[in-house]
>>> print(open('coords08.cif').read())   # mmCIF, C-alpha atoms and all ligand atoms
data_target
#
loop_
_atom_site.group_PDB
_atom_site.id
_atom_site.type_symbol
_atom_site.label_atom_id
_atom_site.label_comp_id
_atom_site.auth_asym_id
_atom_site.auth_seq_id
_atom_site.Cartn_x
_atom_site.Cartn_y
_atom_site.Cartn_z
ATOM 1 C CA MET A 1 -0.869 15.734 -6.060
ATOM 2 C CA VAL A 2 -3.890 16.655 -8.198
ATOM 3 C CA ARG A 3 -3.865 20.010 -9.952
ATOM 4 C CA ARG A 4 -6.815 21.569 -11.816
ATOM 5 C CA GLY A 5 -6.841 24.632 -14.042
ATOM 6 C CA ARG A 6 -6.891 26.068 -17.535
ATOM 7 C CA PHE A 7 -4.213 26.614 -20.137
ATOM 8 C CA ASP A 8 -4.644 29.809 -22.196
ATOM 9 C CA GLY A 9 -8.027 30.331 -20.549
ATOM 10 C CA ALA A 10 -9.509 27.680 -22.833
ATOM 11 C CA VAL A 11 -8.778 24.064 -22.049
ATOM 12 C CA ASP A 12 -9.734 22.639 -18.676
ATOM 13 C CA PHE A 13 -7.244 20.218 -17.268
ATOM 14 C CA THR A 14 -6.860 17.909 -14.310
ATOM 15 C CA VAL A 15 -3.445 16.389 -13.889
ATOM 16 C CA VAL A 16 -1.819 14.178 -11.310
ATOM 17 C CA ILE A 17 1.625 15.558 -10.554
ATOM 18 C CA PRO A 18 4.168 12.965 -9.400
ATOM 19 C CA LEU A 19 5.469 13.560 -5.879
ATOM 20 C CA VAL A 20 9.004 14.761 -5.262
ATOM 21 C CA MET A 21 10.816 13.321 -2.256
ATOM 22 C CA GLY A 22 13.844 15.398 -1.208
ATOM 23 C CA VAL A 23 16.856 13.662 0.351
ATOM 24 C CA VAL A 24 18.182 14.718 3.769
ATOM 25 C CA ASN A 25 21.163 12.498 4.636
ATOM 26 C CA VAL A 26 22.251 13.008 8.258
ATOM 27 C CA THR A 27 25.396 10.950 7.662
ATOM 28 C CA PRO A 28 29.164 11.448 7.397
ATOM 29 C CA ASP A 29 29.524 9.022 4.473
ATOM 30 C CA SER A 30 26.645 9.216 1.964
ATOM 31 C CA PHE A 31 28.023 8.954 -1.541
ATOM 32 C CA SER A 32 26.955 12.372 -2.797
ATOM 33 C CA ASP A 33 26.388 14.621 0.215
ATOM 34 C CA GLY A 34 28.093 12.751 3.075
ATOM 35 C CA GLY A 35 29.110 15.063 5.925
ATOM 36 C CA ARG A 36 27.270 18.121 4.641
ATOM 37 C CA PHE A 37 24.232 17.670 6.881
ATOM 38 C CA LEU A 38 25.572 15.615 9.798
ATOM 39 C CA ASP A 39 25.047 18.612 12.077
ATOM 40 C CA PRO A 40 21.316 18.537 13.034
ATOM 41 C CA ALA A 41 20.863 22.277 12.473
ATOM 42 C CA ALA A 42 22.337 21.996 8.977
ATOM 43 C CA ALA A 43 20.112 19.001 8.214
ATOM 44 C CA VAL A 44 16.982 20.839 9.383
ATOM 45 C CA ALA A 45 17.881 23.944 7.377
ATOM 46 C CA HIS A 46 18.476 21.778 4.312
ATOM 47 C CA GLY A 47 15.159 19.958 4.765
ATOM 48 C CA ARG A 48 13.287 23.249 5.087
ATOM 49 C CA GLU A 49 15.000 24.526 1.966
ATOM 50 C CA LEU A 50 13.940 21.412 0.035
ATOM 51 C CA LEU A 51 10.337 21.899 1.220
ATOM 52 C CA SER A 52 10.433 25.522 0.081
ATOM 53 C CA GLU A 53 11.769 24.359 -3.300
ATOM 54 C CA GLY A 54 8.701 22.167 -3.800
ATOM 55 C CA ALA A 55 9.442 18.837 -2.118
ATOM 56 C CA ASP A 56 6.203 17.050 -1.224
ATOM 57 C CA ILE A 57 8.062 15.027 1.370
ATOM 58 C CA VAL A 58 11.567 15.059 2.862
ATOM 59 C CA ASP A 59 13.328 11.748 3.470
ATOM 60 C CA VAL A 60 15.546 11.755 6.559
ATOM 61 C CA GLY A 61 18.218 9.046 6.761
ATOM 62 C CA GLY A 62 20.975 8.375 9.300
ATOM 63 C CA GLU A 63 22.729 5.405 7.679
ATOM 64 C CA SER A 64 24.353 5.370 4.269
ATOM 65 C CA THR A 65 23.382 2.365 2.160
ATOM 66 C CA ARG A 66 25.853 3.112 -0.610
ATOM 67 C CA PRO A 67 27.941 0.143 -1.808
ATOM 68 C CA ARG A 68 30.512 -0.903 0.849
ATOM 69 C CA ALA A 69 28.964 1.310 3.550
ATOM 70 C CA GLU A 70 29.522 0.132 7.139
ATOM 71 C CA PRO A 71 26.374 -0.452 9.257
ATOM 72 C CA VAL A 72 25.732 2.246 11.879
ATOM 73 C CA PRO A 73 24.854 1.300 15.514
ATOM 74 C CA VAL A 74 21.147 1.802 16.218
ATOM 75 C CA ALA A 75 21.805 4.306 19.032
ATOM 76 C CA GLU A 76 23.867 6.459 16.668
ATOM 77 C CA GLU A 77 21.245 6.271 13.906
ATOM 78 C CA LEU A 78 18.578 7.348 16.422
ATOM 79 C CA ARG A 79 20.757 10.208 17.645
ATOM 80 C CA ARG A 80 21.193 11.466 14.084
ATOM 81 C CA VAL A 81 17.642 11.288 12.783
ATOM 82 C CA VAL A 82 15.122 11.794 15.604
ATOM 83 C CA PRO A 83 15.849 15.504 16.331
ATOM 84 C CA VAL A 84 15.838 16.253 12.601
ATOM 85 C CA VAL A 85 12.493 14.519 12.013
ATOM 86 C CA GLU A 86 10.999 16.306 15.010
ATOM 87 C CA ALA A 87 12.155 19.726 13.785
ATOM 88 C CA LEU A 88 10.991 19.177 10.189
ATOM 89 C CA ALA A 89 7.604 17.537 10.823
ATOM 90 C CA PRO A 90 5.750 20.804 11.631
ATOM 91 C CA HIS A 91 6.871 22.196 8.258
ATOM 92 C CA GLY A 92 6.008 19.355 5.867
ATOM 93 C CA ARG A 93 5.633 15.626 5.355
ATOM 94 C CA VAL A 94 8.628 13.602 6.561
ATOM 95 C CA SER A 95 9.678 10.041 5.744
ATOM 96 C CA ILE A 96 12.265 8.002 7.596
ATOM 97 C CA ASP A 97 14.858 6.167 5.508
ATOM 98 C CA THR A 98 15.890 3.218 7.652
ATOM 99 C CA ARG A 99 16.238 -0.569 7.837
ATOM 100 C CA ARG A 100 15.667 -0.692 11.606
ATOM 101 C CA ALA A 101 12.301 -1.108 13.353
ATOM 102 C CA ALA A 102 13.467 0.854 16.420
ATOM 103 C CA VAL A 103 14.525 3.800 14.268
ATOM 104 C CA ALA A 104 11.296 3.731 12.257
ATOM 105 C CA GLU A 105 9.220 3.664 15.471
ATOM 106 C CA ALA A 106 11.128 6.558 17.054
ATOM 107 C CA ALA A 107 10.916 8.607 13.868
ATOM 108 C CA ILE A 108 7.157 7.995 13.628
ATOM 109 C CA ALA A 109 6.792 9.128 17.243
ATOM 110 C CA ALA A 110 8.722 12.268 16.225
ATOM 111 C CA GLY A 111 6.337 12.962 13.327
ATOM 112 C CA ALA A 112 7.338 10.865 10.295
ATOM 113 C CA THR A 113 4.365 9.534 8.289
ATOM 114 C CA LEU A 114 6.140 7.273 5.769
ATOM 115 C CA VAL A 115 8.679 4.477 6.330
ATOM 116 C CA ASN A 116 11.131 4.384 3.422
ATOM 117 C CA ASP A 117 12.427 0.883 3.868
ATOM 118 C CA VAL A 118 15.363 -0.343 1.774
ATOM 119 C CA SER A 119 15.093 -3.699 3.588
ATOM 120 C CA ALA A 120 11.403 -4.118 2.587
ATOM 121 C CA SER A 121 10.757 -5.755 5.967
ATOM 122 C CA LEU A 122 9.205 -3.087 8.223
ATOM 123 C CA GLN A 123 5.570 -3.479 7.157
ATOM 124 C CA GLU A 124 4.455 -4.396 10.693
ATOM 125 C CA VAL A 125 5.892 -1.164 12.073
ATOM 126 C CA ALA A 126 4.141 0.908 9.419
ATOM 127 C CA ALA A 127 0.873 -0.983 9.934
ATOM 128 C CA ALA A 128 0.931 -0.600 13.725
ATOM 129 C CA ALA A 129 1.445 3.149 13.394
ATOM 130 C CA GLY A 130 -0.984 3.672 10.497
ATOM 131 C CA VAL A 131 1.666 5.273 8.260
ATOM 132 C CA GLY A 132 2.779 4.613 4.680
ATOM 133 C CA TRP A 133 5.497 2.168 3.652
ATOM 134 C CA VAL A 134 7.926 2.028 0.732
ATOM 135 C CA ALA A 135 9.209 -1.490 -0.007
ATOM 136 C CA MET A 136 12.471 -1.340 -1.980
ATOM 137 C CA HIS A 137 14.254 -4.171 -3.760
ATOM 138 C CA MET A 138 17.866 -4.851 -2.770
ATOM 139 C CA ARG A 139 19.961 -7.880 -3.743
ATOM 140 C CA GLY A 140 22.279 -8.698 -0.799
ATOM 141 C CA GLN A 141 23.579 -6.147 1.694
ATOM 142 C CA PRO A 142 25.240 -2.752 1.079
ATOM 143 C CA GLY A 143 28.683 -4.085 2.079
ATOM 144 C CA THR A 144 28.762 -6.613 -0.771
ATOM 145 C CA MET A 145 25.764 -5.973 -3.022
ATOM 146 C CA GLN A 146 27.834 -4.685 -5.959
ATOM 147 C CA ASP A 147 30.100 -7.768 -6.031
ATOM 148 C CA ASP A 148 28.991 -9.266 -9.347
ATOM 149 C CA PRO A 149 25.175 -9.102 -9.038
ATOM 150 C CA ARG A 150 23.404 -11.557 -11.381
ATOM 151 C CA TYR A 151 19.807 -12.155 -12.442
ATOM 152 C CA ASP A 152 18.198 -14.384 -15.076
ATOM 153 C CA ASP A 153 15.559 -11.710 -15.730
ATOM 154 C CA VAL A 154 16.066 -8.651 -13.564
ATOM 155 C CA VAL A 155 12.705 -7.041 -14.358
ATOM 156 C CA ALA A 156 10.670 -10.193 -13.625
ATOM 157 C CA GLU A 157 12.636 -11.017 -10.452
ATOM 158 C CA VAL A 158 12.361 -7.498 -9.040
ATOM 159 C CA ARG A 159 8.651 -7.313 -9.911
ATOM 160 C CA HIS A 160 7.981 -10.705 -8.303
ATOM 161 C CA PHE A 161 9.806 -9.692 -5.109
ATOM 162 C CA LEU A 162 8.073 -6.319 -4.872
ATOM 163 C CA VAL A 163 4.582 -7.682 -5.449
ATOM 164 C CA ALA A 164 5.163 -10.284 -2.710
ATOM 165 C CA ARG A 165 6.405 -7.609 -0.296
ATOM 166 C CA ALA A 166 3.554 -5.245 -1.200
ATOM 167 C CA GLU A 167 1.028 -8.023 -0.577
ATOM 168 C CA ALA A 168 2.677 -8.680 2.795
ATOM 169 C CA GLY A 169 2.305 -4.967 3.549
ATOM 170 C CA ARG A 170 -1.376 -4.979 2.652
ATOM 171 C CA ALA A 171 -1.920 -8.187 4.677
ATOM 172 C CA ALA A 172 -0.236 -6.550 7.674
ATOM 173 C CA GLY A 173 -2.677 -3.654 7.349
ATOM 174 C CA VAL A 174 -0.695 -0.916 5.576
ATOM 175 C CA ASP A 175 -3.037 1.167 3.377
ATOM 176 C CA ASP A 176 -0.376 3.272 1.678
ATOM 177 C CA VAL A 177 2.055 0.747 0.105
ATOM 178 C CA TRP A 178 4.702 1.875 -2.416
ATOM 179 C CA ILE A 179 7.182 -0.221 -4.413
ATOM 180 C CA ASP A 180 10.680 0.783 -5.554
ATOM 181 C CA PRO A 181 13.040 -1.179 -7.850
ATOM 182 C CA GLY A 182 16.083 -0.044 -5.826
ATOM 183 C CA ILE A 183 18.233 1.414 -8.569
ATOM 184 C CA GLY A 184 21.891 0.618 -7.790
ATOM 185 C CA PHE A 185 21.147 -1.833 -4.965
ATOM 186 C CA GLY A 186 22.836 -5.027 -6.144
ATOM 187 C CA LYS A 187 22.499 -4.040 -9.808
ATOM 188 C CA THR A 188 24.832 -3.313 -12.687
ATOM 189 C CA THR A 189 24.306 -0.398 -15.051
ATOM 190 C CA ALA A 190 22.614 -2.799 -17.473
ATOM 191 C CA HIS A 191 20.247 -3.988 -14.719
ATOM 192 C CA ASN A 192 19.392 -0.384 -13.792
ATOM 193 C CA LEU A 193 18.706 0.465 -17.433
ATOM 194 C CA ALA A 194 16.528 -2.621 -17.907
ATOM 195 C CA LEU A 195 14.449 -1.663 -14.864
ATOM 196 C CA LEU A 196 14.039 1.902 -16.130
ATOM 197 C CA ALA A 197 13.217 0.708 -19.654
ATOM 198 C CA HIS A 198 10.519 -1.631 -18.310
ATOM 199 C CA LEU A 199 9.156 0.564 -15.543
ATOM 200 C CA ASP A 200 5.713 0.054 -17.072
ATOM 201 C CA GLU A 201 5.802 -3.548 -15.790
ATOM 202 C CA LEU A 202 6.107 -2.289 -12.218
ATOM 203 C CA VAL A 203 3.492 0.413 -12.803
ATOM 204 C CA ALA A 204 1.123 -2.274 -14.155
ATOM 205 C CA THR A 205 1.135 -4.030 -10.757
ATOM 206 C CA GLY A 206 -1.148 -1.240 -9.558
ATOM 207 C CA TYR A 207 1.091 -0.307 -6.627
ATOM 208 C CA PRO A 208 2.430 3.255 -6.820
ATOM 209 C CA VAL A 209 6.077 3.226 -7.888
ATOM 210 C CA VAL A 210 8.948 5.252 -6.403
ATOM 211 C CA VAL A 211 12.175 5.659 -8.388
ATOM 212 C CA ALA A 212 15.470 6.995 -7.032
ATOM 213 C CA THR A 213 18.275 7.506 -9.533
ATOM 214 C CA SER A 214 19.583 10.787 -8.153
ATOM 215 C CA ARG A 215 23.370 11.178 -8.571
ATOM 216 C CA LYS A 216 23.881 7.416 -8.609
ATOM 217 C CA ARG A 217 27.006 5.858 -10.030
ATOM 218 C CA PHE A 218 25.519 4.411 -13.219
ATOM 219 C CA LEU A 219 24.770 8.002 -14.258
ATOM 220 C CA GLY A 220 28.458 8.847 -13.852
ATOM 221 C CA GLN A 221 29.217 6.034 -16.292
ATOM 222 C CA LEU A 222 26.480 6.935 -18.776
ATOM 223 C CA MET A 223 27.292 10.658 -18.742
ATOM 224 C CA ALA A 224 31.012 10.164 -19.341
ATOM 225 C CA ALA A 225 32.381 11.118 -22.745
ATOM 226 C CA ALA A 226 33.738 8.236 -24.868
ATOM 227 C CA ASP A 227 36.807 6.885 -23.056
ATOM 228 C CA GLY A 228 36.449 9.721 -20.529
ATOM 229 C CA PRO A 229 36.443 9.306 -16.746
ATOM 230 C CA GLU A 230 33.271 8.618 -14.765
ATOM 231 C CA VAL A 231 31.444 11.883 -13.989
ATOM 232 C CA PRO A 232 31.627 12.568 -10.207
ATOM 233 C CA ALA A 233 28.509 12.504 -7.992
ATOM 234 C CA ASP A 234 28.134 16.288 -7.701
ATOM 235 C CA ASP A 235 28.165 16.659 -11.503
ATOM 236 C CA ARG A 236 25.392 14.126 -12.207
ATOM 237 C CA VAL A 237 22.538 16.648 -11.988
ATOM 238 C CA GLU A 238 21.568 16.479 -15.674
ATOM 239 C CA GLY A 239 21.567 12.671 -15.670
ATOM 240 C CA SER A 240 19.527 12.732 -12.483
ATOM 241 C CA LEU A 241 16.925 15.033 -14.005
ATOM 242 C CA ALA A 242 16.845 13.063 -17.268
ATOM 243 C CA THR A 243 16.173 9.778 -15.464
ATOM 244 C CA ALA A 244 13.690 11.287 -12.975
ATOM 245 C CA THR A 245 11.800 12.777 -15.935
ATOM 246 C CA TRP A 246 11.923 9.433 -17.754
ATOM 247 C CA ALA A 247 10.582 7.685 -14.659
ATOM 248 C CA MET A 248 7.737 10.177 -14.197
ATOM 249 C CA ALA A 249 6.817 10.046 -17.891
ATOM 250 C CA ASN A 250 6.671 6.249 -17.611
ATOM 251 C CA GLY A 251 4.331 6.235 -14.652
ATOM 252 C CA ALA A 252 6.415 6.661 -11.471
ATOM 253 C CA ARG A 253 4.246 8.407 -8.867
ATOM 254 C CA MET A 254 7.202 9.605 -6.785
ATOM 255 C CA VAL A 255 10.876 10.342 -7.422
ATOM 256 C CA ARG A 256 13.499 10.602 -4.676
ATOM 257 C CA VAL A 257 16.036 13.311 -5.489
ATOM 258 C CA HIS A 258 18.751 15.577 -4.117
ATOM 259 C CA ASP A 259 17.950 18.413 -6.561
ATOM 260 C CA VAL A 260 14.364 19.307 -5.745
ATOM 261 C CA ARG A 261 13.583 22.596 -7.474
ATOM 262 C CA MET A 262 14.310 21.446 -11.007
ATOM 263 C CA THR A 263 12.649 18.065 -10.438
ATOM 264 C CA ALA A 264 9.466 19.674 -9.092
ATOM 265 C CA GLU A 265 9.351 21.894 -12.192
ATOM 266 C CA ALA A 266 9.897 18.872 -14.444
ATOM 267 C CA ALA A 267 7.125 17.004 -12.574
ATOM 268 C CA ARG A 268 4.635 19.778 -13.360
ATOM 269 C CA VAL A 269 5.604 19.742 -17.046
ATOM 270 C CA VAL A 270 5.487 15.946 -17.324
ATOM 271 C CA ALA A 271 2.061 15.882 -15.696
ATOM 272 C CA ALA A 272 0.710 18.515 -18.099
HETATM 273 N N1 LIG B 1 18.599 5.018 -2.507
HETATM 274 C C1 LIG B 1 19.358 5.482 -1.499
HETATM 275 C C2 LIG B 1 18.808 5.682 -0.225
HETATM 276 N N2 LIG B 1 17.496 5.449 0.002
HETATM 277 N N3 LIG B 1 15.373 4.794 -0.774
HETATM 278 C C3 LIG B 1 14.600 4.333 -1.764
HETATM 279 N N4 LIG B 1 13.278 4.122 -1.558
HETATM 280 N N5 LIG B 1 15.106 4.083 -3.024
HETATM 281 C C4 LIG B 1 16.407 4.268 -3.310
HETATM 282 O O1 LIG B 1 16.832 3.975 -4.451
HETATM 283 C C5 LIG B 1 17.269 4.772 -2.286
HETATM 284 C C6 LIG B 1 16.701 5.019 -1.003
HETATM 285 C C7 LIG B 1 20.796 5.788 -1.735
HETATM 286 O O2 LIG B 1 20.988 7.147 -2.004
HETATM 287 P P1 LIG B 1 21.493 8.283 -0.985
HETATM 288 O O3 LIG B 1 20.571 8.466 0.166
HETATM 289 O O4 LIG B 1 21.709 9.503 -1.779
HETATM 290 O O5 LIG B 1 22.908 7.782 -0.482
HETATM 291 P P2 LIG B 1 23.418 7.011 0.811
HETATM 292 O O6 LIG B 1 22.719 5.698 0.880
HETATM 293 O O7 LIG B 1 24.902 6.900 0.574
HETATM 294 O O8 LIG B 1 23.080 7.866 2.005
#
>>> encode(input="coords08.cif", output="structure tokens", more="lines below")
Ligand code: HH2
Amino acid sequence: MVRRGRFDGAVDFTVVIPLVMGVVNVTPDSFSDGGRFLDPAAAVAHGRELLSEGADIVDVGGESTRPRAEPVPVAEELRRVVPVVEALAPHGRVSIDTRRAAVAEAAIAAGATLVNDVSASLQEVAAAAGVGWVAMHMRGQPGTMQDDPRYDDVVAEVRHFLVARAEAGRAAGVDDVWIDPGIGFGKTTAHNLALLAHLDELVATGYPVVVATSRKRFLGQLMAAADGPEVPADDRVEGSLATATWAMANGARMVRVHDVRMTAEAARVVAA
């Protein structure tokens, strides 16, 4: 989002404020908010609250992709997300967080204008509908992706994969292609930190970068006191804001978060 104005009535400024994507998980088992918004009315109310807090887009998902999550039948995923997308679309921009073409298509018909694709394979669906597409990197599948993930050079391998997927998206006819390193998707804490430390290498590809660290497990490890227990998901807000701010300051054009108000405020400050 571009913002123009003056500080202290003296200096003109034009800044590009990174976008904030707010998470609406219509699931019983998401790692941080599972079960809270499974009821469609609760999910819609939550999405509207996130929009009022400054979310530029709300990301509706009906299948948890946390480590060891069980796949959800397509009919159940459709039942969870379509009414929520339909109810939120008149109030703000909506993305659909799915790995399934049928779910993406139904959500687009209900008003979604961005496919947030952790499988990085739905470019044809996005192209056919003329909507945006986020290609995310994942090593393996959610059920097993955290079983000893290994890379020779995580930053180079993730960048190579994402550029190839982004080019496939452009070739399919998607105008609005985003790339996302997939923090926590088949990655150790060291891999996540390497990707965050070298975010500039993804930014340098020229494709706009999305980063989603919000409440993820590596933060629970990093936030823990020496020899202390891992900090639980609900108490990872400060780590989430620190890493979202880091990502924005290093060129991410969108961050996907559970805690929207504070992240939107941080986005405005980072941009300035
Ligand atoms: N992470 C999650 C879900 N969707 N989409 C993108 N583009 N990037 C991500 O890193 C990403 C994502 C996992 O987080 P969450 O939705 O909070 O949990 P769950 O998968 O358990 O529903």
>>> closest_residue(input="coords08.cif", among="A:Asp97, A:Asp235, A:Asp39, A:Glu167", to="ligand LIG 1 (chain B)", atoms="only C-alpha atoms and all ligand atoms")
A:Asp97
>>> residues_around(input="coords08.cif", residues="segment 113-117 of chain A", least_positions_apart="6", cutoff="7 Å", atoms="all atoms listed in the file", output="list in words")
Arg93, Val94, Ser95, Ile96, Asp97, Thr98, Arg99, Ala104, Ala126, Val131, Gly132, Trp133, Val134, Ala135 and Met136 of chain A
>>> closest_residue(input="coords08.cif", among="A:Ala164, A:Val72, A:Ala249, A:Ala233", to="Phe31 of chain A", atoms="only C-alpha atoms")
A:Ala233
>>> residues_around(input="coords08.cif", residues="Met223 of chain A", least_positions_apart="5", cutoff="8 Å", atoms="all atoms listed in the file", output="JSON, numbers by chain")
{"A": [230, 231, 236, 239]}
>>> residues_near_ligand(input="coords08.cif", ligand="ligand LIG 1 (chain B)", cutoff="7 Å", atoms="only C-alpha atoms and all ligand atoms", output="ChimeraX atom specification")
/A:23,25,27,29-32,61,63-66,97,116-118,134,136,180,182-184,210-214,256
>>> atom_distance(input="coords08.cif", atom1="atom CA of Phe218 of chain A", atom2="atom CA of Leu195 of chain A")
12.7 Å
>>> closest_residue(input="coords08.cif", among="A:Glu157, A:Val26, A:Asp33, A:Val163", to="Lys216 of chain A", atoms="all atoms listed in the file")
A:Asp33
>>> closest_residue(input="coords08.cif", among="A:Asn192, A:Thr263, A:Gln123, A:Gln141", to="Ser240 of chain A", atoms="only C-alpha atoms")
A:Thr263
>>> atom_distance(input="coords08.cif", atom1="atom CA of Arg68 of chain A", atom2="atom CA of Asp147 of chain A")
9.7 Å
>>> resolve_selection(input="coords08.cif", expression="the PyMOL selection byres (((chain A and resi 20) around 7) and not hetatm)", output="list in words")
Pro18, Leu19, Met21, Gly22, Ala55, Asp56, Ile57, Met254, Val255, Arg256 and Ala264 of chain A
>>> write_last_selection(input="coords08.cif", atoms="C-alpha atoms", output="PDB file, in the coordinates of the input")
ATOM      1  CA  PRO A  18       4.168  12.965  -9.400  1.00  0.00           C
ATOM      2  CA  LEU A  19       5.469  13.560  -5.879  1.00  0.00           C
ATOM      3  CA  MET A  21      10.816  13.321  -2.256  1.00  0.00           C
ATOM      4  CA  GLY A  22      13.844  15.398  -1.208  1.00  0.00           C
ATOM      5  CA  ALA A  55       9.442  18.837  -2.118  1.00  0.00           C
ATOM      6  CA  ASP A  56       6.203  17.050  -1.224  1.00  0.00           C
ATOM      7  CA  ILE A  57       8.062  15.027   1.370  1.00  0.00           C
ATOM      8  CA  MET A 254       7.202   9.605  -6.785  1.00  0.00           C
ATOM      9  CA  VAL A 255      10.876  10.342  -7.422  1.00  0.00           C
ATOM     10  CA  ARG A 256      13.499  10.602  -4.676  1.00  0.00           C
ATOM     11  CA  ALA A 264       9.466  19.674  -9.092  1.00  0.00           C
TER      12      ALA A 264
END
>>> closest_residue(input="coords08.cif", among="A:Glu105, A:Leu122, A:Val58, A:Ala129", to="Gly169 of chain A", atoms="only C-alpha atoms")
A:Leu122
>>> resolve_selection(input="coords08.cif", expression="the PyMOL selection byres (((chain A and resi 268) around 12) and not hetatm)", output="CSV table (one decimal) with C-alpha atoms, in the coordinates of the input")
chain,number,residue,atom,x,y,z
A,1,MET,CA,-0.9,15.7,-6.1
A,2,VAL,CA,-3.9,16.7,-8.2
A,3,ARG,CA,-3.9,20.0,-10.0
A,4,ARG,CA,-6.8,21.6,-11.8
A,14,THR,CA,-6.9,17.9,-14.3
A,15,VAL,CA,-3.4,16.4,-13.9
A,16,VAL,CA,-1.8,14.2,-11.3
A,17,ILE,CA,1.6,15.6,-10.6
A,18,PRO,CA,4.2,13.0,-9.4
A,19,LEU,CA,5.5,13.6,-5.9
A,20,VAL,CA,9.0,14.8,-5.3
A,54,GLY,CA,8.7,22.2,-3.8
A,245,THR,CA,11.8,12.8,-15.9
A,248,MET,CA,7.7,10.2,-14.2
A,249,ALA,CA,6.8,10.0,-17.9
A,261,ARG,CA,13.6,22.6,-7.5
A,262,MET,CA,14.3,21.4,-11.0
A,263,THR,CA,12.6,18.1,-10.4
A,264,ALA,CA,9.5,19.7,-9.1
A,265,GLU,CA,9.4,21.9,-12.2
A,266,ALA,CA,9.9,18.9,-14.4
A,267,ALA,CA,7.1,17.0,-12.6
A,269,VAL,CA,5.6,19.7,-17.0
A,270,VAL,CA,5.5,15.9,-17.3
A,271,ALA,CA,2.1,15.9,-15.7
A,272,ALA,CA,0.7,18.5,-18.1
>>> residues_around(input="coords08.cif", residues="Glu201 of chain A", least_positions_apart="2", cutoff="12 Å", atoms="all atoms listed in the file", output="PyMOL selection string")
chain A and resi 154-160+162-163+179+181+194-199+203-209+250-252
>>> closest_residue(input="coords08.cif", among="A:Thr243, A:Glu77, A:Arg215, A:Ala171", to="Leu193 of chain A", atoms="only C-alpha atoms")
A:Thr243
>>> atom_distance(input="coords08.cif", atom1="atom CA of Arg48 of chain A", atom2="atom CA of Val260 of chain A")
11.6 Å
>>> resolve_selection(input="coords08.cif", expression="the PyMOL selection byres (((chain A and resi 110) around 7) and not hetatm)", output="list in words")
Val82, Val85, Glu86, Ala106, Ala107, Ile108, Ala109, Gly111 and Ala112 of chain A
>>> write_last_selection(input="coords08.cif", atoms="C-alpha atoms", output="PDB file, keeping the file's coordinate frame")
ATOM      1  CA  VAL A  82      15.122  11.794  15.604  1.00  0.00           C
ATOM      2  CA  VAL A  85      12.493  14.519  12.013  1.00  0.00           C
ATOM      3  CA  GLU A  86      10.999  16.306  15.010  1.00  0.00           C
ATOM      4  CA  ALA A 106      11.128   6.558  17.054  1.00  0.00           C
ATOM      5  CA  ALA A 107      10.916   8.607  13.868  1.00  0.00           C
ATOM      6  CA  ILE A 108       7.157   7.995  13.628  1.00  0.00           C
ATOM      7  CA  ALA A 109       6.792   9.128  17.243  1.00  0.00           C
ATOM      8  CA  GLY A 111       6.337  12.962  13.327  1.00  0.00           C
ATOM      9  CA  ALA A 112       7.338  10.865  10.295  1.00  0.00           C
TER      10      ALA A 112
END
>>> residues_around(input="coords08.cif", residues="Pro28 of chain A", least_positions_apart="4", cutoff="8 Å", atoms="all atoms listed in the file", output="PyMOL selection string")
chain A and resi 34-38
>>> decode(input="coords08.cif", residues="segment 242-259 of chain A", atoms="C-alpha atoms", output="PDB file, in the first residue's frame")
ATOM      1  CA  ALA A 242      10.058  -9.270  16.107  1.00  0.00           C
ATOM      2  CA  THR A 243      10.346 -11.620  13.125  1.00  0.00           C
ATOM      3  CA  ALA A 244       7.553  -9.936  11.125  1.00  0.00           C
ATOM      4  CA  THR A 245       9.321  -6.601  11.675  1.00  0.00           C
ATOM      5  CA  TRP A 246      12.650  -8.150  10.660  1.00  0.00           C
ATOM      6  CA  ALA A 247      11.053  -9.553   7.512  1.00  0.00           C
ATOM      7  CA  MET A 248       9.449  -6.230   6.562  1.00  0.00           C
ATOM      8  CA  ALA A 249      12.665  -4.306   7.241  1.00  0.00           C
ATOM      9  CA  ASN A 250      14.488  -6.760   4.965  1.00  0.00           C
ATOM     10  CA  GLY A 251      12.114  -6.330   2.064  1.00  0.00           C
ATOM     11  CA  ALA A 252       9.117  -8.644   2.613  1.00  0.00           C
ATOM     12  CA  ARG A 253       6.083  -7.061   0.931  1.00  0.00           C
ATOM     13  CA  MET A 254       3.553  -9.043   2.974  1.00  0.00           C
ATOM     14  CA  VAL A 255       3.523 -10.771   6.359  1.00  0.00           C
ATOM     15  CA  ARG A 256       0.956 -13.387   7.388  1.00  0.00           C
ATOM     16  CA  VAL A 257       0.061 -13.023  11.063  1.00  0.00           C
ATOM     17  CA  HIS A 258      -2.439 -13.888  13.782  1.00  0.00           C
ATOM     18  CA  ASP A 259      -1.879 -10.606  15.671  1.00  0.00           C
TER      19      ASP A 259
END
